[in-house]
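Raw contents of final.cif, mmCIF, C-alpha atoms:
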```cif
data_data
#
loop_
_atom_site.label_atom_id
_atom_site.label_comp_id
_atom_site.auth_asym_id
_atom_site.auth_seq_id
_atom_site.Cartn_x
_atom_site.Cartn_y
_atom_site.Cartn_z
CA MET A 1 0.00 0.00 0.00
CA LYS A 2 1.28 3.43 -0.88
CA ARG A 3 2.21 5.77 1.87
CA PRO A 4 -0.19 8.67 1.19
CA MET A 5 -3.06 6.21 1.12
CA MET A 6 -1.96 4.77 4.49
CA ILE A 7 -1.82 8.21 5.97
CA SER A 8 -5.23 9.17 4.70
CA LEU A 9 -6.68 5.90 6.01
CA LEU A 10 -5.11 6.49 9.40
CA GLY A 11 -6.53 9.98 9.34
CA LEU A 12 -10.02 8.72 8.67
CA PRO A 13 -11.06 8.20 12.30
CA LEU A 14 -9.92 11.73 13.04
CA TRP A 15 -12.13 13.10 10.29
CA LEU A 16 -15.04 11.08 11.58
CA VAL A 17 -14.56 12.45 15.09
CA ALA A 18 -14.30 16.00 13.76
CA GLY A 19 -17.44 15.53 11.68
CA PHE A 20 -19.30 14.14 14.64
CA ALA A 21 -18.27 17.07 16.82
CA MET A 22 -19.47 19.45 14.13
CA ALA A 23 -22.80 17.69 13.84
CA LEU A 24 -23.22 18.02 17.59
CA ALA A 25 -22.41 21.70 17.48
CA LEU A 26 -24.94 22.31 14.70
CA GLY A 27 -27.79 20.34 16.13
CA GLN A 28 -27.59 21.08 19.82
CA PRO A 29 -30.84 19.86 21.26
CA LEU A 30 -32.81 22.75 22.62
CA GLU A 31 -34.44 22.52 25.98
CA PHE A 32 -37.93 23.79 26.54
CA GLU A 33 -39.98 24.24 29.66
CA SER A 34 -43.03 22.59 28.21
CA GLU A 35 -44.11 20.53 25.28
CA ALA A 36 -46.31 23.39 24.04
CA GLN A 37 -43.22 25.58 23.75
CA GLN A 38 -41.42 22.84 21.85
CA ARG A 39 -44.37 22.50 19.47
CA GLN A 40 -44.56 26.25 18.96
CA TYR A 41 -40.84 26.46 18.19
CA ASP A 42 -40.99 23.51 15.81
CA SER A 43 -43.90 24.96 13.86
CA LEU A 44 -42.53 28.52 13.76
CA VAL A 45 -39.11 27.61 12.39
CA ARG A 46 -40.86 25.80 9.55
CA GLU A 47 -43.06 28.80 8.78
CA LEU A 48 -40.42 31.51 8.61
CA ARG A 49 -38.43 32.03 5.47
CA CYS A 50 -34.72 32.48 5.56
CA THR A 51 -34.25 35.87 3.92
CA VAL A 52 -30.79 35.27 2.51
CA CYS A 53 -31.52 31.83 1.02
CA GLN A 54 -34.96 32.50 -0.21
CA SER A 55 -36.23 29.04 -0.94
CA GLU A 56 -35.56 27.63 2.50
CA THR A 57 -37.22 27.92 5.86
CA ILE A 58 -35.04 28.94 8.76
CA HIS A 59 -35.38 25.36 9.95
CA GLU A 60 -33.65 23.98 6.86
CA SER A 61 -31.15 26.72 6.23
CA ASN A 62 -27.53 26.66 7.30
CA ALA A 63 -27.11 30.39 6.84
CA GLU A 64 -25.91 32.35 9.84
CA LEU A 65 -28.86 34.66 9.64
CA ALA A 66 -31.18 31.66 9.83
CA ALA A 67 -29.35 30.48 12.94
CA ASP A 68 -29.79 33.94 14.47
CA MET A 69 -33.47 33.89 13.65
CA ARG A 70 -33.88 30.40 15.10
CA ARG A 71 -32.16 31.54 18.25
CA ARG A 72 -34.44 34.56 18.46
CA VAL A 73 -37.53 32.38 17.98
CA TYR A 74 -36.21 30.07 20.71
CA GLU A 75 -35.54 32.92 23.13
CA MET A 76 -38.89 34.55 22.51
CA THR A 77 -40.66 31.22 22.92
CA LEU A 78 -38.94 30.66 26.27
CA ALA A 79 -39.84 34.20 27.27
CA GLY A 80 -43.48 33.29 26.83
CA HIS A 81 -44.37 35.08 23.59
CA ASP A 82 -47.00 33.31 21.55
CA GLY A 83 -46.58 32.30 17.92
CA ASP A 84 -48.40 35.31 16.47
CA ALA A 85 -46.30 37.75 18.48
CA ILE A 86 -43.09 36.15 17.22
CA ILE A 87 -44.25 36.18 13.60
CA ASP A 88 -45.29 39.83 14.00
CA PHE A 89 -41.86 40.62 15.39
CA MET A 90 -40.18 39.11 12.33
CA VAL A 91 -42.62 40.72 9.89
CA GLN A 92 -41.98 44.15 11.42
CA ARG A 93 -38.28 43.74 10.72
CA TYR A 94 -38.12 41.73 7.53
CA GLY A 95 -41.52 42.36 5.96
CA ASP A 96 -44.22 39.91 4.89
CA TYR A 97 -41.50 38.22 2.98
CA VAL A 98 -40.46 36.10 5.97
CA ARG A 99 -43.79 34.35 6.08
CA TYR A 100 -44.14 31.20 4.08
CA ARG A 101 -47.88 31.43 4.64
CA PRO A 102 -48.86 34.82 3.25
CA PRO A 103 -51.54 36.73 5.15
CA LEU A 104 -54.85 37.56 3.49
CA GLN A 105 -54.56 41.27 2.74
CA ALA A 106 -55.10 43.72 -0.11
CA ASN A 107 -51.97 42.82 -2.08
CA THR A 108 -52.44 39.08 -1.70
CA TYR A 109 -56.12 38.72 -2.61
CA LEU A 110 -55.26 37.70 -6.15
CA LEU A 111 -52.72 35.19 -4.87
CA TRP A 112 -55.26 33.58 -2.57
CA ALA A 113 -58.02 33.67 -5.16
CA SER A 114 -55.90 32.26 -8.00
CA PRO A 115 -56.53 28.53 -7.33
CA PHE A 116 -60.28 29.15 -7.26
CA LEU A 117 -60.14 31.33 -10.36
CA LEU A 118 -58.23 28.62 -12.19
CA LEU A 119 -60.68 25.96 -11.05
CA PHE A 120 -63.59 28.14 -12.14
CA GLY A 121 -62.02 28.77 -15.55
CA GLY A 122 -61.39 25.05 -15.94
CA ILE A 123 -64.99 24.21 -15.11
CA ILE A 124 -66.26 26.72 -17.67
CA ALA A 125 -63.99 25.34 -20.37
CA TRP A 126 -64.99 21.79 -19.51
CA TRP A 127 -68.68 22.70 -19.53
CA ARG A 128 -68.44 24.34 -22.92
CA ILE A 129 -66.74 21.31 -24.43
CA ILE A 130 -69.35 18.96 -22.97
CA VAL A 131 -72.21 21.09 -24.21
CA GLY A 132 -70.57 21.37 -27.60
CA ARG A 133 -70.35 17.58 -27.85
CA ARG A 134 -73.95 17.08 -26.75
CA SER A 135 -75.29 19.32 -29.46
CA MET A 136 -73.52 17.25 -32.10
CA PRO A 137 -75.94 14.74 -33.75
CA GLN A 138 -75.46 11.28 -32.32
CA ARG A 139 -75.96 9.56 -35.63
CA PRO A 140 -75.59 11.26 -38.98
CA ASP A 141 -78.90 11.83 -40.74
CA PHE A 142 -78.92 11.12 -44.43
CA THR A 143 -81.32 12.31 -47.01
CA GLU A 144 -83.09 9.84 -49.28
CA GLN A 145 -80.71 10.67 -52.04
CA GLU A 146 -77.65 10.02 -49.87
CA ARG A 147 -79.09 6.68 -48.77
CA ALA A 148 -79.51 5.67 -52.36
CA GLN A 149 -75.92 6.67 -53.10
CA LEU A 150 -74.62 4.76 -50.12
CA GLU A 151 -76.58 1.70 -51.16
CA GLN A 152 -75.10 1.99 -54.59
CA LEU A 153 -71.56 2.28 -53.20
CA ARG A 154 -72.06 -0.72 -51.01
CA ASN A 155 -73.24 -2.78 -53.92
CA ASP A 156 -70.65 -1.50 -56.31
CA GLY A 157 -68.00 -3.94 -57.40
CA SER A 158 -69.74 -6.96 -55.96
CA PRO A 159 -72.13 -9.19 -57.78
CA ARG A 160 -75.70 -8.08 -57.25
CA ARG A 161 -77.60 -10.40 -55.05
CA MET A 162 -80.95 -11.75 -56.10
CA MET B 163 -64.99 30.88 -34.67
CA ASN B 164 -62.51 33.69 -35.05
CA LEU B 165 -62.37 34.11 -31.32
CA ARG B 166 -61.54 30.46 -30.91
CA LEU B 167 -58.48 30.87 -33.10
CA LEU B 168 -57.42 34.06 -31.36
CA LEU B 169 -57.80 32.75 -27.85
CA PRO B 170 -54.58 30.66 -27.69
CA LEU B 171 -52.67 33.56 -29.23
CA ILE B 172 -54.00 35.97 -26.62
CA ALA B 173 -53.28 33.53 -23.79
CA ALA B 174 -49.75 32.87 -25.00
CA THR B 175 -49.06 36.59 -25.39
CA ALA B 176 -50.39 37.29 -21.91
CA LEU B 177 -48.20 34.56 -20.43
CA LEU B 178 -45.12 35.78 -22.28
CA GLY B 179 -45.84 39.31 -21.12
CA LEU B 180 -46.09 38.13 -17.54
CA LEU B 181 -42.83 36.22 -17.77
CA PHE B 182 -41.12 39.19 -19.37
CA VAL B 183 -42.17 41.48 -16.53
CA GLY B 184 -41.00 38.80 -14.11
CA LEU B 185 -37.57 38.76 -15.75
CA GLY B 186 -37.16 42.45 -15.03
CA MET B 187 -37.98 42.04 -11.35
CA ASN B 188 -35.24 41.27 -8.91
CA SER B 189 -36.28 38.80 -6.25
CA ARG B 190 -33.40 40.07 -4.12
CA ASP B 191 -34.89 43.56 -3.97
CA LEU B 192 -36.59 43.16 -0.67
CA PRO B 193 -38.74 45.90 0.74
CA SER B 194 -37.69 47.15 4.12
CA PRO B 195 -40.60 47.63 6.47
CA LEU B 196 -38.31 49.64 8.75
CA VAL B 197 -38.17 52.69 6.51
CA GLY B 198 -40.23 55.37 8.21
CA LYS B 199 -39.88 53.77 11.62
CA PRO B 200 -37.71 54.92 14.50
CA ALA B 201 -34.30 53.29 14.86
CA PRO B 202 -34.82 50.01 16.76
CA ALA B 203 -33.48 49.92 20.29
CA PHE B 204 -30.34 47.96 21.09
CA SER B 205 -27.65 47.85 23.70
CA LEU B 206 -24.20 46.58 22.75
CA GLU B 207 -20.58 46.99 23.73
CA ALA B 208 -18.57 49.56 21.83
CA LEU B 209 -16.06 47.97 19.50
CA GLU B 210 -13.12 49.94 20.90
CA ASP B 211 -14.07 49.54 24.53
CA ALA B 212 -15.94 46.56 25.97
CA GLN B 213 -16.78 48.58 29.08
CA ARG B 214 -18.69 51.24 27.19
CA ILE B 215 -22.29 50.46 26.22
CA VAL B 216 -23.61 51.84 22.94
CA THR B 217 -27.35 52.25 22.36
CA GLU B 218 -29.47 53.60 19.53
CA GLN B 219 -29.30 57.01 21.29
CA ASP B 220 -25.62 57.21 20.29
CA PHE B 221 -26.70 57.08 16.64
CA ILE B 222 -29.33 59.80 16.97
CA GLY B 223 -28.92 63.57 17.04
CA GLU B 224 -28.10 64.59 13.53
CA VAL B 225 -28.68 63.26 10.04
CA SER B 226 -26.38 60.27 9.81
CA LEU B 227 -25.62 56.98 8.11
CA VAL B 228 -25.56 53.63 9.83
CA ASN B 229 -23.39 51.06 8.11
CA VAL B 230 -23.38 47.32 8.86
CA TRP B 231 -20.01 45.74 8.15
CA ALA B 232 -17.64 42.93 9.00
CA THR B 233 -14.01 42.14 8.25
CA TRP B 234 -14.97 38.87 6.56
CA CYS B 235 -17.19 40.72 4.10
CA SER B 236 -15.25 41.58 0.98
CA THR B 237 -17.95 43.86 -0.44
CA CYS B 238 -17.68 45.90 2.77
CA ARG B 239 -13.99 46.37 2.05
CA SER B 240 -14.72 47.58 -1.44
CA GLU B 241 -17.28 50.17 -0.31
CA LYS B 242 -15.05 51.42 2.49
CA PRO B 243 -13.26 54.12 0.43
CA LEU B 244 -16.65 55.69 -0.29
CA LEU B 245 -17.44 55.75 3.43
CA MET B 246 -14.08 57.39 4.10
CA GLU B 247 -14.94 60.07 1.56
CA LEU B 248 -18.35 60.64 3.11
CA ALA B 249 -16.81 60.93 6.57
CA ARG B 250 -14.28 63.44 5.29
CA GLY B 251 -17.16 65.32 3.72
CA GLY B 252 -18.70 65.74 7.16
CA ILE B 253 -21.43 63.14 7.18
CA PRO B 254 -21.48 61.28 10.49
CA ILE B 255 -21.38 57.51 10.03
CA HIS B 256 -22.19 55.04 12.77
CA ALA B 257 -21.81 51.32 12.41
CA PHE B 258 -22.60 47.83 13.53
CA ASN B 259 -19.67 45.48 13.43
CA TYR B 260 -21.69 42.41 12.55
CA ARG B 261 -20.78 38.83 13.54
CA ASP B 262 -17.12 39.64 13.69
CA GLU B 263 -14.13 39.32 16.00
CA ARG B 264 -13.13 42.34 17.99
CA ASP B 265 -9.39 42.03 17.40
CA ALA B 266 -9.74 41.52 13.69
CA ALA B 267 -12.16 44.43 13.39
CA LEU B 268 -9.94 46.81 15.37
CA ARG B 269 -6.87 45.84 13.39
CA TYR B 270 -8.77 46.35 10.15
CA LEU B 271 -9.90 49.86 11.13
CA ASP B 272 -6.39 50.64 12.29
CA VAL B 273 -4.83 49.63 9.01
CA SER B 274 -7.32 50.92 6.49
CA GLY B 275 -8.79 53.89 8.32
CA ASN B 276 -11.88 54.42 10.41
CA PRO B 277 -14.77 56.41 8.95
CA TYR B 278 -17.07 55.65 11.88
CA GLN B 279 -17.99 57.86 14.81
CA THR B 280 -19.52 55.05 16.80
CA VAL B 281 -19.11 51.32 16.26
CA ALA B 282 -21.40 48.92 18.10
CA PHE B 283 -19.96 45.43 18.43
CA ASP B 284 -22.57 42.81 17.51
CA PRO B 285 -20.81 39.43 17.46
CA ARG B 286 -24.01 37.37 17.70
CA GLY B 287 -26.12 39.41 15.28
CA ASP B 288 -28.60 40.35 18.04
CA ALA B 289 -29.07 43.94 16.99
CA GLY B 290 -28.86 42.64 13.42
CA ILE B 291 -32.25 41.00 13.78
CA ASP B 292 -33.76 44.05 15.45
CA TRP B 293 -32.53 46.20 12.59
CA GLY B 294 -33.71 43.70 9.98
CA VAL B 295 -30.22 43.05 8.63
CA TYR B 296 -30.18 40.53 5.78
CA ALA B 297 -26.53 40.50 4.92
CA THR B 298 -23.57 42.82 5.07
CA PRO B 299 -23.06 45.43 3.85
CA GLU B 300 -26.18 47.44 4.55
CA THR B 301 -26.55 51.15 5.00
CA TYR B 302 -29.34 53.12 6.65
CA VAL B 303 -29.97 56.85 6.61
CA LEU B 304 -31.32 58.24 9.87
CA ASP B 305 -32.86 61.67 10.15
CA ALA B 306 -32.10 63.97 13.07
CA ASP B 307 -34.93 62.46 15.10
CA GLY B 308 -33.60 58.95 14.61
CA VAL B 309 -36.19 57.79 12.09
CA ILE B 310 -34.92 55.40 9.41
CA ARG B 311 -35.49 57.17 6.09
CA TYR B 312 -33.63 54.95 3.68
CA LYS B 313 -32.07 51.54 3.55
CA ARG B 314 -29.64 50.09 1.09
CA ILE B 315 -29.14 46.33 1.12
CA GLY B 316 -25.80 45.65 -0.52
CA PRO B 317 -22.82 47.85 -1.30
CA LEU B 318 -22.97 51.58 -1.90
CA SER B 319 -21.69 52.92 -5.16
CA ARG B 320 -20.68 56.39 -6.22
CA GLN B 321 -23.68 56.56 -8.53
CA LEU B 322 -26.05 55.50 -5.76
CA LEU B 323 -24.60 58.08 -3.39
CA LEU B 324 -24.93 60.87 -5.95
CA ASP B 325 -28.40 59.85 -7.07
CA GLU B 326 -30.05 58.86 -3.82
CA VAL B 327 -28.11 59.11 -0.60
CA LEU B 328 -26.57 62.58 -0.80
CA PRO B 329 -29.73 64.34 -2.04
CA LEU B 330 -31.63 62.64 0.78
CA VAL B 331 -29.06 63.77 3.36
CA GLU B 332 -29.38 67.33 2.00
CA LYS B 333 -33.15 67.17 2.22
CA LEU B 334 -33.11 65.78 5.74
CA ARG B 335 -30.67 68.46 6.88
CA ASP B 336 -33.00 71.14 5.50
CA GLU B 337 -35.87 69.48 7.33
CA GLN B 338 -33.86 69.47 10.51
CA GLN B 339 -33.04 73.18 10.20
CA ARG B 340 -36.65 74.06 9.54
CA ASN B 341 -37.79 72.01 12.52
CA GLU B 342 -35.25 73.66 14.77
CA ALA B 343 -36.23 77.11 13.56
CA ARG B 344 -39.86 76.27 14.31
CA ARG B 345 -38.97 75.04 17.77
CA VAL B 346 -37.04 78.21 18.50
CA ALA B 347 -39.92 80.32 17.23
CA GLN B 348 -42.37 78.46 19.42
CA SER B 349 -40.37 78.72 22.62
#
```

Take the structure I supplied and represent it as structure tokens, if you would.
Amino acid sequence: MKRPMMISLLGLPLWLVAGFAMALALGQPLEFESEAQQRQYDSLVRELRCTVCQSETIHESNAELAADMRRRVYEMTLAGHDGDAIIDFMVQRYGDYVRYRPPLQANTYLLWASPFLLLFGGIIAWWRIIVGRRSMPQRPDFTEQERAQLEQLRNDGSPRRM
Amino acid sequence: MNLRLLLPLIAATALLGLLFVGLGMNSRDLPSPLVGKPAPAFSLEALEDAQRIVTEQDFIGEVSLVNVWATWCSTCRSEKPLLMELARGGIPIHAFNYRDERDAALRYLDVSGNPYQTVAFDPRGDAGIDWGVYATPETYVLDADGVIRYKRIGPLSRQLLLDEVLPLVEKLRDEQQRNEARRVAQS
């Protein structure tokens, strides 16, 4: 076995220990006074958006700002603030943007209404297609003349019976 | 029947239009709800002196800038010469030293110059949350009464200073003078 490989293999346990220590430092278990506080914290960190990494909640994000915000949510929860108060606190500083669940207000009416509008539009389109199909004749009607022609076509090329 | 043919065309055009407008928008341009509100309260150690406590009152009194910076932030380094110029031009600049190490920050100011009148040391980003800091650098303009009148997320540029910040500082200083004159007249 080559020497560099040996060294890196020997170093492996060290890396594992270092990684483990880091994992511990990142995911220190938080202590709460009650289960309700724990639940409030868990739901809030999944509802607040990390403002520097915009597609993540502060629960998922590794950004330092997200860690600060988690810590603030934790401290405020321990201090007895309820969920709404904590969300208000964040909204006052970072704007509605921090909420993953947008509030129903003047500039979000369209956003909230859009699924229903789309559904409504879909129903109308569907209805019109159905009605259009209904009004089509089920079986083509032929005039006497057409029937005679069809009969002739059917008999054409084959020996006339009877 | 004509309408039926036109409908997909209209829908596609509308969608393209929407996407085009969306392209022009910057999702990083975040509104700051703090503009128009008084400077949030905080209480931190001064960078130069751990014994001295700095609060938002130290930032208030005249029209001033508040800059959020750190030594690890390279964009902060690149906007620093502009801050030095502003300070030389007589605009008071206060600062948060954000999530940084005291020694490194002091050494940095020592070496490259210090444009700040007051520097609050915020190693844990506590005041950062109260001031709605997203990322360094950020710059606020406070009026003489300590109300936040402007916020820039990201680095300052000469153009931005000329177009927005300096005219605003002028305007706020005029406001301040008028207010003071009124107060004198009333008393």

Might you pull out every residue within 12 Å of Asn62 in chain A, with all atoms listed in the file counted and same-chain residues fewer than 3 positions away left off, and present them as a VMD selection string? chain A and resid 26 to 27 50 to 53 56 to 59 65 to 70

Show me, as a ChimeraX atom specification, the residues of chain B whose atoms get within 12 Å of chain A, using only C-alpha atoms for the distance check. /B:166,189-202,260-261,284-298,315-316

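Minimum distance to Val216 in chain B across B:Thr175, B:Asn341, B:Gln321, B:Gln279 (counting all atoms listed in the file) occurs at B:Gln279.
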
Could you pull out every residue with an atom within 8 Å of (-19.6, 49.1, 14.2), file coordinates, counting all atoms listed in the file, and send them as a list of chain:residue names?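 Residues close enough to count: B:Ala208, B:Leu209, B:Asn229, B:Val230, B:Trp231, B:His256, B:Ala257, B:Phe258, B:Asn259, B:Tyr260, B:Tyr278, B:Thr280, B:Val281, B:Ala282, B:Phe283, B:Asp284.
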
From the list B:Gln219, B:Gly275, B:Glu342, B:Leu334, which residue is nearest Gly308 in chain B when using all atoms listed in the file? B:Gln219

At a cut-off of 10 Å around the point (-23.3, 61.2, 13.2) (file coordinates), what residues fall inside when counting all atoms listed in the file? I'd like the answer as a PyMOL selection string. chain B and resi 220-228+249+252-256+278-280+304+306
